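Okay, target.txt is below, compact mmCIF, C-alpha atoms:
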# COMPACT_ATOMS: atom_id res chain seq x y z
CA MET A 1 0.00 0.00 0.00
CA ALA A 2 1.42 3.36 -0.97
CA THR A 3 1.76 6.02 1.66
CA ILE A 4 0.87 9.57 0.75
CA LEU A 5 2.82 12.28 2.52
CA SER A 6 1.44 15.77 2.74
CA PHE A 7 3.32 18.82 3.87
CA ILE A 8 1.75 21.77 5.63
CA PRO A 9 3.58 25.04 4.98
CA LEU A 10 4.92 26.53 8.17
CA SER A 11 3.79 30.00 9.12
CA VAL A 12 6.82 31.99 10.18
CA PRO A 13 6.14 35.40 11.77
CA SER A 14 8.12 38.35 10.52
CA PRO A 15 11.00 38.90 12.93
CA THR A 16 11.76 42.18 14.65
CA TYR A 17 15.41 43.13 14.56
CA PRO A 18 17.23 45.23 17.12
CA LYS A 19 19.17 48.16 15.74
CA PRO A 20 22.84 47.33 15.20
CA SER A 21 25.01 48.91 17.85
CA LEU A 22 28.20 50.72 16.97
CA ARG A 23 31.29 49.22 18.57
CA ILE A 24 34.41 51.39 18.44
CA PRO A 25 37.75 49.61 18.89
CA LEU A 26 39.30 50.61 22.20
CA PHE A 27 42.69 49.00 21.68
CA THR A 28 45.44 49.99 19.29
CA SER A 29 47.14 46.62 19.27
CA LEU A 30 46.27 42.99 19.80
CA PRO A 31 48.61 40.42 21.38
CA PHE A 32 47.95 37.64 18.91
CA PRO A 33 48.66 34.17 20.24
CA SER A 34 51.17 32.06 18.41
CA SER A 35 49.57 30.05 15.64
CA SER A 36 51.17 27.03 17.23
CA SER A 37 48.57 27.36 19.96
CA SER A 38 46.31 27.57 18.31
CA SER A 39 30.65 25.09 5.39
CA SER A 40 21.60 21.85 -11.31
CA SER A 41 19.22 23.84 -12.66
CA SER A 42 19.48 27.50 -13.40
CA CYS A 43 15.77 28.43 -13.46
CA GLY A 44 16.49 31.36 -15.73
CA LEU A 45 18.87 33.73 -13.99
CA THR A 46 22.19 32.04 -14.69
CA SER A 47 25.61 32.38 -16.24
CA SER A 48 28.49 29.95 -16.65
CA PHE A 49 32.13 29.77 -17.70
CA LEU A 50 34.25 26.94 -19.00
CA VAL A 51 38.01 26.92 -18.67
CA ARG A 52 40.73 24.56 -17.34
CA ASN A 53 40.56 20.80 -16.76
CA GLU A 54 41.76 19.26 -13.45
CA ALA A 55 42.66 16.07 -15.32
CA SER A 56 45.73 17.92 -16.59
CA LEU A 57 47.22 17.80 -13.08
CA SER A 58 50.20 15.51 -12.89
CA PRO A 59 49.83 12.63 -10.40
CA SER A 60 53.17 13.72 -8.99
CA SER A 61 51.97 17.27 -8.28
CA SER A 62 52.62 18.35 -4.71
CA PRO A 63 49.74 19.58 -2.51
CA ILE A 64 50.92 23.19 -2.91
CA GLN A 65 51.13 22.82 -6.69
CA ALA A 66 47.68 21.27 -6.70
CA LEU A 67 46.13 24.28 -5.01
CA ALA A 68 47.96 26.61 -7.34
CA GLU A 69 46.40 24.76 -10.28
CA GLU A 70 42.96 24.45 -8.69
CA ALA A 71 42.39 27.77 -7.01
CA VAL A 72 45.10 30.32 -7.71
CA ASP A 73 46.46 31.49 -11.03
CA SER A 74 49.83 33.06 -10.26
CA SER A 75 49.19 35.74 -12.88
CA SER A 76 46.00 36.81 -11.10
CA PRO A 77 46.06 40.08 -9.10
CA LEU A 78 44.50 38.17 -6.20
CA ALA A 79 47.45 35.79 -6.12
CA SER A 80 49.94 38.42 -5.03
CA SER A 81 50.47 39.78 -1.54
CA SER A 82 47.87 42.28 -0.46
CA SER A 83 47.27 45.14 1.94
CA LYS A 84 44.08 43.42 3.03
CA LEU A 85 43.54 41.98 6.48
CA VAL A 86 40.68 39.51 6.04
CA LEU A 87 38.83 38.33 9.14
CA VAL A 88 37.53 34.81 8.53
CA VAL A 89 34.75 33.66 10.85
CA GLY A 90 33.83 29.98 10.73
CA GLY A 91 37.26 29.25 9.29
CA THR A 92 37.41 25.64 10.45
CA GLY A 93 34.11 24.63 8.83
CA GLY A 94 33.64 23.05 5.43
CA VAL A 95 33.76 26.28 3.40
CA GLY A 96 35.75 28.39 5.84
CA GLN A 97 38.84 26.19 5.95
CA LEU A 98 39.03 26.30 2.14
CA VAL A 99 38.78 30.11 2.30
CA VAL A 100 41.68 30.22 4.76
CA ALA A 101 43.82 27.80 2.73
CA SER A 102 43.26 29.82 -0.43
CA LEU A 103 44.03 33.14 1.28
CA LEU A 104 47.26 31.64 2.61
CA LYS A 105 48.29 30.53 -0.86
CA ARG A 106 47.48 34.00 -2.22
CA ASN A 107 49.64 35.65 0.45
CA ILE A 108 46.64 37.61 1.69
CA LYS A 109 46.96 38.34 5.39
CA SER A 110 44.16 36.72 7.39
CA ARG A 111 42.86 36.70 10.93
CA LEU A 112 41.00 33.60 12.01
CA LEU A 113 38.34 33.96 14.71
CA LEU A 114 37.36 30.68 16.31
CA ARG A 115 36.43 29.08 19.62
CA ASP A 116 39.19 26.47 19.74
CA LEU A 117 42.71 27.70 18.98
CA ASP A 118 44.10 24.17 18.82
CA LYS A 119 41.81 23.40 15.89
CA ALA A 120 43.61 25.99 13.77
CA THR A 121 46.96 24.30 14.41
CA LYS A 122 45.58 20.90 13.41
CA LEU A 123 44.16 22.25 10.16
CA PHE A 124 46.65 24.88 9.06
CA GLY A 125 49.83 24.00 10.95
CA LYS A 126 52.18 26.62 12.31
CA GLN A 127 51.87 29.80 10.28
CA ASP A 128 53.77 33.06 10.46
CA GLU A 129 51.62 35.78 12.01
CA ASP A 130 52.33 37.95 8.98
CA SER A 131 50.21 35.42 7.06
CA LEU A 132 47.68 34.08 9.57
CA GLN A 133 46.71 35.44 12.97
CA VAL A 134 44.56 33.28 15.22
CA VAL A 135 42.33 34.79 17.91
CA ARG A 136 39.82 33.18 20.21
CA GLY A 137 36.23 34.34 20.26
CA ASP A 138 32.67 33.03 20.17
CA THR A 139 30.23 34.97 18.03
CA ARG A 140 27.32 33.50 19.97
CA ASN A 141 28.37 35.57 22.97
CA ALA A 142 28.61 39.32 22.33
CA GLU A 143 30.75 39.84 25.44
CA ASP A 144 33.30 37.40 24.03
CA LEU A 145 34.02 39.63 21.03
CA ASP A 146 36.62 42.05 22.33
CA PRO A 147 36.81 45.13 20.07
CA SER A 148 40.56 44.52 19.66
CA ILE A 149 39.70 41.42 17.60
CA PHE A 150 38.57 43.72 14.79
CA GLU A 151 41.49 46.15 14.96
CA GLY A 152 42.92 46.72 11.49
CA VAL A 153 40.44 44.41 9.72
CA THR A 154 39.66 45.58 6.18
CA HIS A 155 37.43 42.74 4.94
CA VAL A 156 35.32 40.00 6.53
CA ILE A 157 34.21 36.59 5.28
CA CYS A 158 31.66 34.91 7.54
CA CYS A 159 30.98 31.23 6.83
CA THR A 160 29.53 30.12 10.16
CA GLY A 161 26.72 27.58 10.15
CA THR A 162 25.31 24.41 11.62
CA THR A 163 23.04 21.59 10.48
CA ALA A 164 19.45 22.27 9.44
CA PHE A 165 18.14 19.34 11.49
CA PRO A 166 18.97 18.27 15.07
CA SER A 167 22.32 16.52 15.19
CA GLN A 168 25.35 16.10 17.38
CA ARG A 169 26.60 19.42 16.03
CA TRP A 170 23.77 21.15 17.90
CA SER A 171 25.35 20.30 21.25
CA GLY A 172 26.70 23.22 23.26
CA GLU A 173 24.14 25.71 21.92
CA ASN A 174 25.31 25.28 18.34
CA THR A 175 21.76 25.60 17.02
CA PRO A 176 20.61 27.70 14.02
CA ASP A 177 19.18 30.46 16.21
CA LYS A 178 22.48 30.77 18.11
CA VAL A 179 24.81 30.47 15.12
CA ASP A 180 22.95 31.90 12.11
CA TRP A 181 21.06 34.63 13.93
CA GLU A 182 22.63 35.63 17.26
CA GLY A 183 26.17 34.89 16.11
CA VAL A 184 25.84 36.91 12.89
CA ARG A 185 24.11 39.75 14.75
CA ASN A 186 26.87 39.91 17.37
CA LEU A 187 29.61 39.82 14.74
CA ILE A 188 28.07 42.59 12.62
CA SER A 189 27.43 44.73 15.69
CA GLY A 190 31.10 44.49 16.67
CA LEU A 191 32.61 45.43 13.31
CA PRO A 192 34.04 48.94 12.85
CA SER A 193 32.54 51.18 10.17
CA SER A 194 35.90 51.22 8.37
CA VAL A 195 35.42 47.66 7.08
CA LYS A 196 35.42 47.72 3.27
CA ARG A 197 33.33 44.61 2.64
CA VAL A 198 31.53 41.89 4.58
CA VAL A 199 30.83 38.68 2.67
CA LEU A 200 28.21 36.51 4.37
CA VAL A 201 27.59 32.90 3.36
CA SER A 202 23.85 32.20 3.69
CA SER A 203 21.68 29.72 1.75
CA VAL A 204 19.35 29.42 -1.21
CA GLY A 205 15.70 29.33 -0.20
CA VAL A 206 15.88 31.92 2.59
CA THR A 207 13.12 34.00 0.99
CA LYS A 208 10.85 30.95 0.55
CA PRO A 209 10.78 29.21 3.95
CA ASN A 210 7.13 28.18 3.55
CA GLU A 211 7.45 26.73 0.02
CA LEU A 212 8.48 23.18 -0.90
CA PRO A 213 11.18 21.98 -0.77
CA TRP A 214 12.41 24.79 1.47
CA SER A 215 9.68 24.30 4.08
CA ILE A 216 11.17 20.87 4.84
CA MET A 217 14.65 22.31 5.25
CA ASN A 218 13.20 25.04 7.46
CA LEU A 219 11.36 22.71 9.85
CA PHE A 220 13.71 23.80 12.66
CA GLY A 221 14.09 27.39 11.48
CA VAL A 222 17.48 27.39 9.79
CA LEU A 223 16.32 29.42 6.78
CA LYS A 224 14.39 31.83 8.99
CA TYR A 225 17.47 32.52 11.10
CA LYS A 226 19.78 32.86 8.10
CA LYS A 227 17.39 35.41 6.61
CA MET A 228 17.34 37.31 9.91
CA GLY A 229 21.14 37.42 9.79
CA GLU A 230 21.03 38.69 6.20
CA ASP A 231 18.54 41.41 7.08
CA PHE A 232 20.57 42.56 10.07
CA LEU A 233 23.63 42.90 7.85
CA ARG A 234 21.62 44.91 5.31
CA GLU A 235 20.41 47.29 8.01
CA SER A 236 23.88 47.70 9.55
CA GLY A 237 25.10 50.20 6.98
CA LEU A 238 28.24 48.14 6.32
CA PRO A 239 29.20 47.34 2.70
CA TYR A 240 28.24 43.72 2.11
CA THR A 241 27.80 40.89 -0.37
CA ILE A 242 25.67 37.84 0.42
CA ILE A 243 26.51 34.48 -1.16
CA ARG A 244 23.69 31.91 -1.09
CA PRO A 245 24.99 28.44 -2.01
CA GLY A 246 22.89 25.45 -2.99
CA ARG A 247 23.42 22.08 -1.34
CA LEU A 248 27.13 21.83 -0.51
CA THR A 249 29.26 19.09 -2.06
CA ASP A 250 32.98 18.15 -2.02
CA GLY A 251 33.91 17.80 1.62
CA PRO A 252 33.64 18.98 4.28
CA TYR A 253 37.30 18.41 4.97
CA THR A 254 36.95 19.15 8.68
CA SER A 255 39.21 16.34 9.88
CA TYR A 256 42.09 16.98 7.51
CA ASP A 257 45.22 19.10 7.66
CA LEU A 258 46.36 21.92 5.39
CA ASN A 259 48.13 19.65 2.91
CA THR A 260 44.90 17.76 2.33
CA LEU A 261 43.00 21.02 1.92
CA LEU A 262 45.51 22.21 -0.64
CA LYS A 263 44.95 19.04 -2.65
CA ALA A 264 41.16 19.42 -2.67
CA THR A 265 39.51 19.82 -6.04
CA ALA A 266 35.96 20.47 -7.17
CA GLY A 267 35.86 17.20 -9.10
CA GLU A 268 33.69 17.46 -12.20
CA ARG A 269 31.49 20.25 -10.83
CA ARG A 270 33.61 23.28 -11.72
CA ALA A 271 31.33 25.24 -14.07
CA VAL A 272 29.76 28.05 -12.05
CA VAL A 273 26.11 29.10 -12.17
CA ILE A 274 25.16 32.39 -10.51
CA GLY A 275 21.66 33.81 -10.19
CA GLN A 276 19.63 36.40 -8.32
CA GLY A 277 16.12 36.42 -6.92
CA ASP A 278 16.44 33.15 -4.97
CA LYS A 279 15.48 31.04 -7.99
CA LEU A 280 18.32 28.52 -8.15
CA VAL A 281 17.86 24.92 -7.02
CA GLY A 282 20.85 22.62 -7.08
CA GLU A 283 24.27 21.82 -5.66
CA VAL A 284 27.57 23.62 -5.40
CA SER A 285 31.12 22.60 -4.58
CA ARG A 286 32.47 24.05 -1.33
CA LEU A 287 35.57 25.06 -3.30
CA VAL A 288 33.43 27.15 -5.64
CA VAL A 289 31.70 28.86 -2.70
CA ALA A 290 35.06 29.66 -1.07
CA GLU A 291 36.37 31.14 -4.32
CA ALA A 292 33.19 33.19 -4.81
CA CYS A 293 33.63 34.70 -1.33
CA ILE A 294 37.21 35.74 -2.03
CA GLN A 295 36.40 37.15 -5.46
CA ALA A 296 33.44 39.16 -4.14
CA LEU A 297 35.75 41.11 -1.84
CA ASP A 298 37.08 43.07 -4.82
CA ILE A 299 34.15 43.23 -7.25
CA GLU A 300 32.69 46.65 -6.55
CA PHE A 301 29.28 46.15 -8.16
CA THR A 302 28.48 43.14 -5.94
CA GLN A 303 28.25 45.47 -2.95
CA GLY A 304 24.81 45.55 -1.37
CA LYS A 305 23.57 42.50 -3.29
CA ALA A 306 22.79 38.82 -2.77
CA TYR A 307 23.69 36.06 -5.24
CA GLU A 308 22.74 32.40 -5.41
CA ILE A 309 25.45 30.06 -6.62
CA ASN A 310 25.56 26.49 -7.93
CA SER A 311 28.15 24.46 -9.79
CA VAL A 312 27.62 21.92 -12.56
CA LYS A 313 29.73 19.53 -14.58
CA GLY A 314 32.33 21.20 -16.71
CA ASP A 315 35.35 23.43 -16.36
CA GLY A 316 35.03 26.62 -14.37
CA PRO A 317 36.48 30.11 -13.95
CA GLY A 318 39.16 28.98 -11.51
CA SER A 319 40.53 32.09 -9.81
CA ASP A 320 40.41 34.37 -12.84
CA PRO A 321 38.99 37.71 -11.56
CA GLN A 322 37.73 38.79 -14.97
CA LYS A 323 35.76 35.61 -15.51
CA TRP A 324 34.22 35.94 -12.04
CA ARG A 325 33.31 39.58 -12.72
CA GLU A 326 31.54 38.50 -15.89
CA LEU A 327 29.72 35.71 -14.05
CA PHE A 328 28.37 38.11 -11.43
CA LYS A 329 27.57 40.75 -14.07
CA VAL A 330 25.68 38.36 -16.35
CA ALA A 331 23.64 37.16 -13.37
CA GLU A 332 22.48 40.76 -12.82
CA SER A 333 21.54 41.27 -16.46
CA LYS A 334 19.08 38.37 -16.65
Output the file's structure in the form of structure tokens.
Amino acid sequence: MATILSFIPLSVPSPTYPKPSLRIPLFTSLPFPSSSSSSSSSCGLTSSFLVRNEASLSPSSSPIQALAEEAVDSSSPLASSSSKLVLVVGGTGGVGQLVVASLLKRNIKSRLLLRDLDKATKLFGKQDEDSLQVVRGDTRNAEDLDPSIFEGVTHVICCTGTTAFPSQRWSGENTPDKVDWEGVRNLISGLPSSVKRVVLVSSVGVTKPNELPWSIMNLFGVLKYKKMGEDFLRESGLPYTIIRPGRLTDGPYTSYDLNTLLKATAGERRAVVIGQGDKLVGEVSRLVVAEACIQALDIEFTQGKAYEINSVKGDGPGSDPQKWRELFKVAESK
């Protein structure tokens, strides 16, 4: 006998957001601890690029060479050293650790904010503080975010997140309301007005929490809380770009070290699909999401906008800034 399942759309009340508070750094320097102690279908609004093939990698390529082939073109402006200081929040998660690894390879100075300093050592090894600074802090607790953490930060990539459904990862108040709403709110409230760009990783479907299939994903409120975080960022007055990935693939590599991260590839799903209007349904490689976050830091017209992103079979834009600019621009023109 067949069983018929019916789904009742959830009614989610419109949230009321507190006004973002202005936090002014009180410290002129930060005693950083030593690093040794230390997350398809296009439905209309899409664009894609085809370039290089990972199969061309030599089996004897070293991990560092592999990342250079996969994520960083040495001729790219982003590959050279930079005056940026990028604060990465959620840098030991599935997307975040790939962001950190790619920033390290690009010689872009980063500051990693996380709860467990030892986790950074396990993932990224001992790094010079001129490349990677590691500071302890918990975004779920506003009092834990000392203003000195943000001293000198020019850009922010926030890739915090948890599971949509109850799991072991929810232990210790790691629930969607604490991570995707309160954590994002506390982070944004603490940032100085001098920050040049905040890139927030959210999710597709946040504007449709009561529609299938999103209503199933939102049974425990994850899309509601991500949307609340988005809206708080919009109202903060800070320059921002929101990246909304589809279902994440390739990884997470949360139990591996830096060498393994540097060897990670996007498999066959390297062609990038970008849309607007929350119309995309599909999957995306974590490597593609990480690259989109880094590219968005420097693409001026992405400021103040949200983009959905998927990846499909085929070659992709790699780390070529011009190809990424065209991907984002074509998405806006549809």
Exercise. Measure the distance from atom CA of A:Asp315 to atom CA of A:Glu300 in Å and round it to one decimal.
Key: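 Separating atom CA of A:Asp315 from atom CA of A:Glu300 is a distance of 25.3 Å.
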Hey, could you make a per-residue contact list for stretch 132-204 of chain A against stretch 99-116 of chain A with 12 Å as the cut-off, showing the nearest pair of atoms and its distance in Å to one decimal, counting all atoms listed in the file, sorted by chain and number, as JSON lines?
{"residue": "A:Leu132", "atom": "CA", "partner": "A:Ser110", "partner_atom": "CA", "distance": 4.9}
{"residue": "A:Gln133", "atom": "CA", "partner": "A:Arg111", "partner_atom": "CA", "distance": 4.5}
{"residue": "A:Val134", "atom": "CA", "partner": "A:Leu112", "partner_atom": "CA", "distance": 4.8}
{"residue": "A:Val135", "atom": "CA", "partner": "A:Leu113", "partner_atom": "CA", "distance": 5.2}
{"residue": "A:Arg136", "atom": "CA", "partner": "A:Leu114", "partner_atom": "CA", "distance": 5.2}
{"residue": "A:Gly137", "atom": "CA", "partner": "A:Arg115", "partner_atom": "CA", "distance": 5.3}
{"residue": "A:Asp138", "atom": "CA", "partner": "A:Arg115", "partner_atom": "CA", "distance": 5.5}
{"residue": "A:Thr139", "atom": "CA", "partner": "A:Leu114", "partner_atom": "CA", "distance": 8.5}
{"residue": "A:Arg140", "atom": "CA", "partner": "A:Arg115", "partner_atom": "CA", "distance": 10.1}
{"residue": "A:Asn141", "atom": "CA", "partner": "A:Arg115", "partner_atom": "CA", "distance": 10.9}
{"residue": "A:Asp144", "atom": "CA", "partner": "A:Arg115", "partner_atom": "CA", "distance": 9.9}
{"residue": "A:Leu145", "atom": "CA", "partner": "A:Leu113", "partner_atom": "CA", "distance": 9.5}
{"residue": "A:Asp146", "atom": "CA", "partner": "A:Leu113", "partner_atom": "CA", "distance": 11.2}
{"residue": "A:Ser148", "atom": "CA", "partner": "A:Leu113", "partner_atom": "CA", "distance": 11.9}
{"residue": "A:Ile149", "atom": "CA", "partner": "A:Leu113", "partner_atom": "CA", "distance": 8.1}
{"residue": "A:Phe150", "atom": "CA", "partner": "A:Arg111", "partner_atom": "CA", "distance": 9.1}
{"residue": "A:Glu151", "atom": "CA", "partner": "A:Arg111", "partner_atom": "CA", "distance": 10.4}
{"residue": "A:Gly152", "atom": "CA", "partner": "A:Arg111", "partner_atom": "CA", "distance": 10.0}
{"residue": "A:Val153", "atom": "CA", "partner": "A:Arg111", "partner_atom": "CA", "distance": 8.2}
{"residue": "A:Thr154", "atom": "CA", "partner": "A:Ser110", "partner_atom": "CA", "distance": 10.0}
{"residue": "A:His155", "atom": "CA", "partner": "A:Ser110", "partner_atom": "CA", "distance": 9.4}
{"residue": "A:Val156", "atom": "CA", "partner": "A:Arg111", "partner_atom": "CA", "distance": 9.3}
{"residue": "A:Ile157", "atom": "CA", "partner": "A:Val99", "partner_atom": "CA", "distance": 8.5}
{"residue": "A:Cys158", "atom": "CA", "partner": "A:Leu113", "partner_atom": "CA", "distance": 9.8}
{"residue": "A:Cys159", "atom": "CA", "partner": "A:Val99", "partner_atom": "CA", "distance": 9.1}
{"residue": "A:Thr160", "atom": "CA", "partner": "A:Leu114", "partner_atom": "CA", "distance": 10.0}
{"residue": "A:Gly172", "atom": "CA", "partner": "A:Arg115", "partner_atom": "CA", "distance": 11.9}
{"residue": "A:Asn174", "atom": "CA", "partner": "A:Arg115", "partner_atom": "CA", "distance": 11.8}
{"residue": "A:Gly183", "atom": "CA", "partner": "A:Leu114", "partner_atom": "CA", "distance": 12.0}
{"residue": "A:Leu187", "atom": "CA", "partner": "A:Leu113", "partner_atom": "CA", "distance": 10.5}
{"residue": "A:Val199", "atom": "CA", "partner": "A:Val99", "partner_atom": "CA", "distance": 11.7}
{"residue": "A:Val201", "atom": "CA", "partner": "A:Val99", "partner_atom": "CA", "distance": 11.6}
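Checking A:Gly316, A:Pro245, A:Gly229, A:Gly90 one by one against A:Asp278, counting only C-alpha atoms, you find the shortest gap at A:Pro245.
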Quiz item: Contacts of A:Ala306 at 6 Å or less, counting all atoms listed in the file, minus same-chain residues fewer than 3 places along, as a list in words?
Solution: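 Once the nearby chain positions are removed, what remains is Thr241, Ile242 and Ile243 of chain A.
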Self-check item: Among listed residues A:Gly277, A:Pro209, A:Gly93, A:Pro192, nearest A:Arg169 (using only C-alpha atoms)
Solution: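 Ranked by minimum distance to A:Arg169, first place goes to A:Gly93.
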